[in-house]
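**Q** Mind looking over this structure? Questions follow.
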Amino acid sequence: MRCETIKKWLSDDLDGALSPKRKARLENHLRECLVCRRYRADLTRLQAEAASAADLSPEYWAAFERSLESRLTFVEPVREASRAPLFRRRKWAWAAAGFLVLASVGIYLAVSRPGRILETAWVSYEDSIARILQAAEEDPEVENFVNRELLASITEVAPDPEEAYAAPLAADPLFWEGLSEEELEYIAAELERETSHGGPK
Amino acid sequence: MDERPEDDLVEDARRGSREAFAGLVRLHERRVYGLVFRMAGNHSDAADLAQEVFLSAWGSIASFRRGSSFYTWLYRIAVNTSLTFLRKRSREKDRAEFHENMAGVDPGRDAFFSAEGNCSQNELRARINEAIDSLPGHFRASFVLVVSQGFSHADAARILGCSENTVSWRMHKARKILQARLKPYLGEVRS
């Protein structure tokens, strides 16, 4: 048995908090260990001296009570009813604080994360059409160049009107069925004349 | 003097009766004083602390819950008031020692604790008080409640708001510290 454990048990024993089983083992150890017996003697002495209470006269207590009584008149007990709303207010304050924190985090995420996407999609003024048009207004040569480029881009994008008109008609099977015999003969004659092949019969 | 049972006094005090509260003061003033005296280490501070404990108790008597132990509640106020006082005093002491060191003054505490010379009963008691004063706050509170006030580990745990094992451990450590500091004097008395 280690002496350190015995010292802990000695402390519990002095406070009346040691189980009978451990007390028996403690006594067995003490019979054999001089160091622990001396430690117990020191603790017992310490206990006796420290336990002695402060001895004050009845006059002292009478003066103590008078002084306290006079000071109590200036202290108003806090009623339960007046405490409850404060408690409830505190709960609301915590709830509001929590909501503000969540709202702040939400705003931060909403603003900061898409911010990167917006940044990449954003066209700087240097590359914008507004700056090119402004430069075109200031310099006629630039204006001519810009107009040419704009017209060229429009013709490139715009579809051929004839092709756009013809393609859907030819692709529609009901188109041929809706034509009369005369119209079909006319179309066939025209095609034969242009390509020397017969059209649809 | 009010001779009613403590529960009746507590109930009336909760309703605002200062007379009933005065009865509670008379029931507990000596033990509360003993506790704060052991915590503070001198009568001057103990008197102020004891008054402060009862004023705090009166101010918050409405928050005392029916069915719980009044003395546990009151002694918890006393321990907390004492610990707050000790922390404040420790800060002030640190400042004072800093100024003394700056002025080249040695407080000479070790000279007081010299094992040389006779160690009478009163001197031993004074040294024990000094040694208890040097214990850390929570160790001191446990030691004072159990040794000086005679509370069980279970009651001390309820007052301190900790487990019985914690009280037991603190008692063991406090006794070891005190025995180590007072060993020469305790040995002298023993021999």
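In the structure tokens, chains take letters A, B, ... by order of appearance, with residues numbered from 1 within each chain and ligands from 1 in the order shown.
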Would you list which chain B residues are within 9 Å of chain A using only C-alpha atoms, as a PyMOL selection string?
**A** chain B and resi 14-16+18+22+25-26+29-31+33-34+37-38+47+51-52+54-63+124-125+128-129+132+144+146-153+168-169+171-173+175-176+178-179+182-183+186-187+189-190
**Q** Rank nothing, just name the residue among B:Ala40, B:Phe85, B:Ser69, B:Asn165 nearest to Asp7 in chain B, using only C-alpha atoms.
**A**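 Checking each of B:Ala40, B:Phe85, B:Ser69, B:Asn165 against Asp7 in chain B, counting only C-alpha atoms, the winner is B:Ser69.
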